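Undergrad: The following block contains the structure, expressed as structure tokens.
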Amino acid sequence: MLINIGNGILKGLIMELNENERIDDLEYKGLKIIQNKDGFCFGIDSVLLSDFAKEIKNNSKVVDLGTGTGIVSILLCGKTKLSEVIGIEVQKNVAHMAEKSSKLNNLQDRFKVININIKQIDELRMNNSFDAVVTNPPYKKIDSGGKNENKAKLISRHEIEGDLSDFIITAQKLLKENGCLYMVHRPERLAEIIVKLRQRNLEPKKIRFIHSREDSQAKMVLIKAVKGGKEFTEIDKPLIIYKKDGSYSEEILKIYNKEVEK
């Protein structure tokens, strides 16, 4: 969906779009995103992560590890009053799409993108500088299925350019003391996640499981950890995506900024 945003920005960006790229309306405060239909497109996990992290304090400096096309960063710019969010993305063409989306939304002063592998973060000399880190890292280990996917999807879904430890180590380096890490991942890896977090002085403070339906097993998990935090973990109530009739739950409708029918 193409929307008039004035100042000739949209017209210029349309000319910059590659053949398979499109502009999608996020239907939230007029925000939009550029995606490649043949690449990895964002899912509900990114939307839920941005909502989970919307408690980020005003004027915070934030890093989005593995930003992809920038969906979490863009939504956080709409949901919070953060001062700056830096997206780290290893894939050059994907990082370029995120940059174009930042421009499309007039967020150049708040959302910046750096094309680098998270394992090279020391080169940027930004350690101990950020109030929060958000990440939707690849869920699958290298040896787990999906080998027929194209390269972009493989990198987004599999730990090819960085594994769970790399993301956690990088987050710990970047965060200030008492800074917060917000992550979405798969429940089957939760034990591993908690162990690795604690190894890096990141204390899990809040965990929320996401279920497709009330009677189904959890399909995703949201985790908040605090650098140097004291031992205490809150298990939040489950987040249910669909009601029994297959329609979105009231909470999901609110997250998507939709009106709840009475």
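Within each chain, counting starts at residue 1; across the structure tokens, chains are named A, B, ... in the order shown, with ligands numbered 1 upward in that order.
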Counting only C-alpha atoms, what is within 10 Å of Ile194 in chain A, bar same-chain residues fewer than 4 positions away, as JSON, numbers by chain?

TA: {"A": [189, 190, 198, 199, 202, 203, 204, 223, 225]}

Undergrad: Write the residues of the selection above to a file with N, CA, C and O atoms, as an mmCIF file, in the first residue's frame.

TA:
```
data_model
loop_
_atom_site.group_PDB
_atom_site.id
_atom_site.type_symbol
_atom_site.label_atom_id
_atom_site.label_comp_id
_atom_site.auth_asym_id
_atom_site.auth_seq_id
_atom_site.Cartn_x
_atom_site.Cartn_y
_atom_site.Cartn_z
ATOM 1 N N ARG A 189 14.130 -23.587 23.779
ATOM 2 C CA ARG A 189 15.499 -23.173 24.066
ATOM 3 C C ARG A 189 15.598 -22.297 25.320
ATOM 4 O O ARG A 189 16.638 -21.692 25.589
ATOM 5 N N LEU A 190 14.516 -22.250 26.089
ATOM 6 C CA LEU A 190 14.478 -21.355 27.245
ATOM 7 C C LEU A 190 15.538 -21.696 28.293
ATOM 8 O O LEU A 190 16.196 -20.795 28.830
ATOM 9 N N ARG A 198 22.657 -15.786 32.423
ATOM 10 C CA ARG A 198 23.289 -15.676 33.740
ATOM 11 C C ARG A 198 24.810 -15.766 33.659
ATOM 12 O O ARG A 198 25.515 -15.167 34.473
ATOM 13 N N GLN A 199 25.303 -16.485 32.680
ATOM 14 C CA GLN A 199 26.755 -16.549 32.482
ATOM 15 C C GLN A 199 27.321 -15.179 32.134
ATOM 16 O O GLN A 199 28.498 -14.904 32.386
ATOM 17 N N LEU A 202 23.407 -11.278 33.080
ATOM 18 C CA LEU A 202 22.112 -10.768 32.652
ATOM 19 C C LEU A 202 21.040 -11.600 33.360
ATOM 20 O O LEU A 202 20.862 -12.778 33.060
ATOM 21 N N GLU A 203 20.370 -10.996 34.318
ATOM 22 C CA GLU A 203 19.411 -11.733 35.136
ATOM 23 C C GLU A 203 18.016 -11.683 34.522
ATOM 24 O O GLU A 203 17.450 -10.597 34.305
ATOM 25 N N PRO A 204 17.430 -12.856 34.212
ATOM 26 C CA PRO A 204 16.059 -12.888 33.696
ATOM 27 C C PRO A 204 15.087 -12.313 34.730
ATOM 28 O O PRO A 204 15.037 -12.780 35.868
ATOM 29 N N ILE A 223 11.354 -12.543 26.756
ATOM 30 C CA ILE A 223 12.229 -12.542 27.927
ATOM 31 C C ILE A 223 12.803 -11.148 28.129
ATOM 32 O O ILE A 223 13.319 -10.529 27.183
ATOM 33 N N ALA A 225 15.695 -9.313 30.518
ATOM 34 C CA ALA A 225 16.804 -9.546 31.441
ATOM 35 C C ALA A 225 17.474 -8.211 31.749
ATOM 36 O O ALA A 225 17.486 -7.305 30.917
#
```

Undergrad: Show me, as a tab-separated table, the residues of range 179-201 of chain A having an atom within 10 Å of range 209-222 of chain A, each with the closest atom pair and its distance in Å, using only C-alpha atoms.

TA:
```
residue	atom	partner	partner_atom	distance
A:Tyr182	CA	A:Leu222	CA	7.4
A:Met183	CA	A:Leu222	CA	5.8
A:Val184	CA	A:Leu222	CA	4.6
A:His185	CA	A:Val221	CA	5.5
A:Arg186	CA	A:Met220	CA	4.7
A:Pro187	CA	A:Val221	CA	5.5
A:Glu188	CA	A:Lys219	CA	8.8
A:Arg189	CA	A:Val221	CA	9.4
A:Leu190	CA	A:Val221	CA	7.9
```

Undergrad: To one decimal place in Å, what is the distance between CA of Lys205 in chain A and CA of Lys224 in chain A?

TA: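 According to the coordinates, CA of Lys205 in chain A and CA of Lys224 in chain A are separated by 5.6 Å.
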
Undergrad: Return the single residue from A:Asn59, A:Gln172, A:Thr135, A:Gln91 that is closest to Cys77 in chain A, with distances computed using only C-alpha atoms.

TA: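 Nearest candidate to Cys77 in chain A out of A:Asn59, A:Gln172, A:Thr135, A:Gln91: A:Asn59.
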
Undergrad: What residues in range 15-236 of chain A get the DSSP label alpha helix (DSSP H)? Please answer as a VMD selection string.

TA: chain A and resid 15 to 16 44 to 52 71 to 79 92 to 104 151 to 157 164 to 174 190 to 199

Undergrad: How many Å lie between CA of Lys176 in chain A and CA of Phe130 in chain A, rounded to one decimal?

TA: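 Answer for the CA of Lys176 in chain A to CA of Phe130 in chain A separation: 5.5 Å.
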
Undergrad: Env of Arg125 in chain A: 12 Å cut, atoms = only C-alpha atoms, seq-sep filter 3 positions within chain, self excluded. Answer as a PyMOL selection string.

TA: chain A and resi 120-122+128-130+170+173-174

Undergrad: What is the CA of Gly87 in chain A-CA of Ile241 in chain A distance in Å, reported with one decimal?

TA: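 Result for CA of Gly87 in chain A versus CA of Ile241 in chain A: 27.3 Å, one decimal.
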
Undergrad: So that I can check the surroundings of Ser101 in chain A, please list as a ChimeraX atom specification every protein, DNA and RNA residue that reaches within 12 Å of it, counting only C-alpha atoms and ignoring chain neighbours fewer than 3 positions away.

TA: /A:9-10,13-14,16-17,21-26,31-35,67-75,87,94-98,104-108,111-113

Undergrad: So which one's closest to Ile86 in chain A, A:Asn115, A:Ser249, A:Asn58, A:Thr233? Using only C-alpha atoms, please.

TA: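 Looking at the shortest contact to Ile86 in chain A, the residue is A:Asn115.
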
Undergrad: Between A:Asp38, A:Glu250, A:Asp131, A:Glu234, which residue has the minimum interatomic distance to Gly179 in chain A, considering only C-alpha atoms?

TA: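 Selected residue with least distance to Gly179 in chain A: A:Asp131.
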
Undergrad: If you run DSSP on this backbone, which residues of range 15-241 of chain A come out as strand (DSSP E or B), and could you give them as a ChimeraX atom specification?

TA: /A:21-25,32-36,61-65,84-89,111-115,130-135,140,158,175-185,202-211,218-227,234-235,239-240

Undergrad: What would the file look like if the residues just selected were written as a PDB file, in the first residue's frame with C-alpha atoms?

TA:
```pdb
ATOM      1  CA  GLU A  21      10.611  -4.726  -2.908  1.00  0.00           C
ATOM      2  CA  ARG A  22       7.342  -3.283  -1.720  1.00  0.00           C
ATOM      3  CA  ILE A  23       6.121  -0.716   0.797  1.00  0.00           C
ATOM      4  CA  ASP A  24       3.800  -2.123   3.483  1.00  0.00           C
ATOM      5  CA  ASP A  25       1.597  -0.026   5.735  1.00  0.00           C
ATOM      6  CA  LYS A  32       5.500   1.965   6.912  1.00  0.00           C
ATOM      7  CA  ILE A  33       8.198  -0.563   6.041  1.00  0.00           C
ATOM      8  CA  ILE A  34      10.001  -1.704   2.900  1.00  0.00           C
ATOM      9  CA  GLN A  35      10.248  -5.469   2.433  1.00  0.00           C
ATOM     10  CA  ASN A  36      11.389  -7.894  -0.236  1.00  0.00           C
ATOM     11  CA  LYS A  61      19.483   4.831  23.691  1.00  0.00           C
ATOM     12  CA  VAL A  62      18.624   1.432  22.221  1.00  0.00           C
ATOM     13  CA  VAL A  63      20.308  -1.178  20.019  1.00  0.00           C
ATOM     14  CA  ASP A  64      18.343  -3.606  17.834  1.00  0.00           C
ATOM     15  CA  LEU A  65      20.557  -6.654  17.216  1.00  0.00           C
ATOM     16  CA  GLU A  84      17.966   6.843  19.398  1.00  0.00           C
ATOM     17  CA  VAL A  85      17.861   3.274  18.164  1.00  0.00           C
ATOM     18  CA  ILE A  86      20.714   1.712  16.222  1.00  0.00           C
ATOM     19  CA  GLY A  87      19.947  -1.341  14.121  1.00  0.00           C
ATOM     20  CA  ILE A  88      22.758  -3.842  13.588  1.00  0.00           C
ATOM     21  CA  GLU A  89      22.288  -5.998  10.482  1.00  0.00           C
ATOM     22  CA  PHE A 111      16.767   5.204  13.715  1.00  0.00           C
ATOM     23  CA  LYS A 112      20.174   4.516  12.191  1.00  0.00           C
ATOM     24  CA  VAL A 113      21.435   1.255  10.659  1.00  0.00           C
ATOM     25  CA  ILE A 114      24.932  -0.226  10.739  1.00  0.00           C
ATOM     26  CA  ASN A 115      25.818  -3.047   8.342  1.00  0.00           C
ATOM     27  CA  PHE A 130      22.961   1.714  25.850  1.00  0.00           C
ATOM     28  CA  ASP A 131      19.913   1.672  28.104  1.00  0.00           C
ATOM     29  CA  ALA A 132      18.247  -1.211  26.276  1.00  0.00           C
ATOM     30  CA  VAL A 133      18.870  -3.903  23.684  1.00  0.00           C
ATOM     31  CA  VAL A 134      16.103  -5.582  21.691  1.00  0.00           C
ATOM     32  CA  THR A 135      16.600  -8.664  19.580  1.00  0.00           C
ATOM     33  CA  LYS A 140      17.258 -22.390  14.616  1.00  0.00           C
ATOM     34  CA  HIS A 158      19.379 -20.046  11.301  1.00  0.00           C
ATOM     35  CA  LEU A 175      24.303  -2.432  27.895  1.00  0.00           C
ATOM     36  CA  LYS A 176      24.939  -0.014  30.723  1.00  0.00           C
ATOM     37  CA  GLU A 177      24.726  -1.423  34.247  1.00  0.00           C
ATOM     38  CA  ASN A 178      21.023  -2.074  34.994  1.00  0.00           C
ATOM     39  CA  GLY A 179      20.267  -1.829  31.276  1.00  0.00           C
ATOM     40  CA  CYS A 180      17.550  -4.110  29.899  1.00  0.00           C
ATOM     41  CA  LEU A 181      17.616  -6.809  27.231  1.00  0.00           C
ATOM     42  CA  TYR A 182      14.328  -7.702  25.516  1.00  0.00           C
ATOM     43  CA  MET A 183      14.290 -10.890  23.443  1.00  0.00           C
ATOM     44  CA  VAL A 184      11.810 -13.122  21.649  1.00  0.00           C
ATOM     45  CA  HIS A 185      12.746 -16.759  21.046  1.00  0.00           C
ATOM     46  CA  LEU A 202      22.112 -10.768  32.652  1.00  0.00           C
ATOM     47  CA  GLU A 203      19.411 -11.733  35.136  1.00  0.00           C
ATOM     48  CA  PRO A 204      16.059 -12.888  33.696  1.00  0.00           C
ATOM     49  CA  LYS A 205      13.436 -10.622  35.269  1.00  0.00           C
ATOM     50  CA  LYS A 206      10.278 -11.289  33.260  1.00  0.00           C
ATOM     51  CA  ILE A 207       9.166 -14.185  31.055  1.00  0.00           C
ATOM     52  CA  ARG A 208       5.973 -14.369  29.020  1.00  0.00           C
ATOM     53  CA  PHE A 209       4.885 -17.338  26.935  1.00  0.00           C
ATOM     54  CA  ILE A 210       2.982 -16.823  23.672  1.00  0.00           C
ATOM     55  CA  HIS A 211       0.354 -19.390  22.637  1.00  0.00           C
ATOM     56  CA  ALA A 218       3.622 -22.141  23.820  1.00  0.00           C
ATOM     57  CA  LYS A 219       5.114 -21.304  20.403  1.00  0.00           C
ATOM     58  CA  MET A 220       7.248 -18.308  21.440  1.00  0.00           C
ATOM     59  CA  VAL A 221       8.615 -16.744  24.601  1.00  0.00           C
ATOM     60  CA  LEU A 222       9.368 -13.131  25.491  1.00  0.00           C
ATOM     61  CA  ILE A 223      12.229 -12.542  27.927  1.00  0.00           C
ATOM     62  CA  LYS A 224      13.397  -9.425  29.751  1.00  0.00           C
ATOM     63  CA  ALA A 225      16.804  -9.546  31.441  1.00  0.00           C
ATOM     64  CA  VAL A 226      18.651  -6.865  33.407  1.00  0.00           C
ATOM     65  CA  LYS A 227      22.414  -6.420  33.432  1.00  0.00           C
ATOM     66  CA  GLU A 234       8.311 -12.904  37.171  1.00  0.00           C
ATOM     67  CA  ILE A 235       6.293 -15.247  34.953  1.00  0.00           C
ATOM     68  CA  LEU A 239      -0.360 -14.134  25.693  1.00  0.00           C
ATOM     69  CA  ILE A 240      -2.990 -15.822  23.526  1.00  0.00           C
TER      70      ILE A 240
END
```

Undergrad: For each of A:Glu27, A:Asp236, A:Asp166, A:Asp109, take the minimum atom-to-atom distance to Gly66 in chain A, counting only C-alpha atoms, then give the residue where this is smallest.

TA: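 Answer, going by the shortest atom-to-atom distance: A:Asp166.
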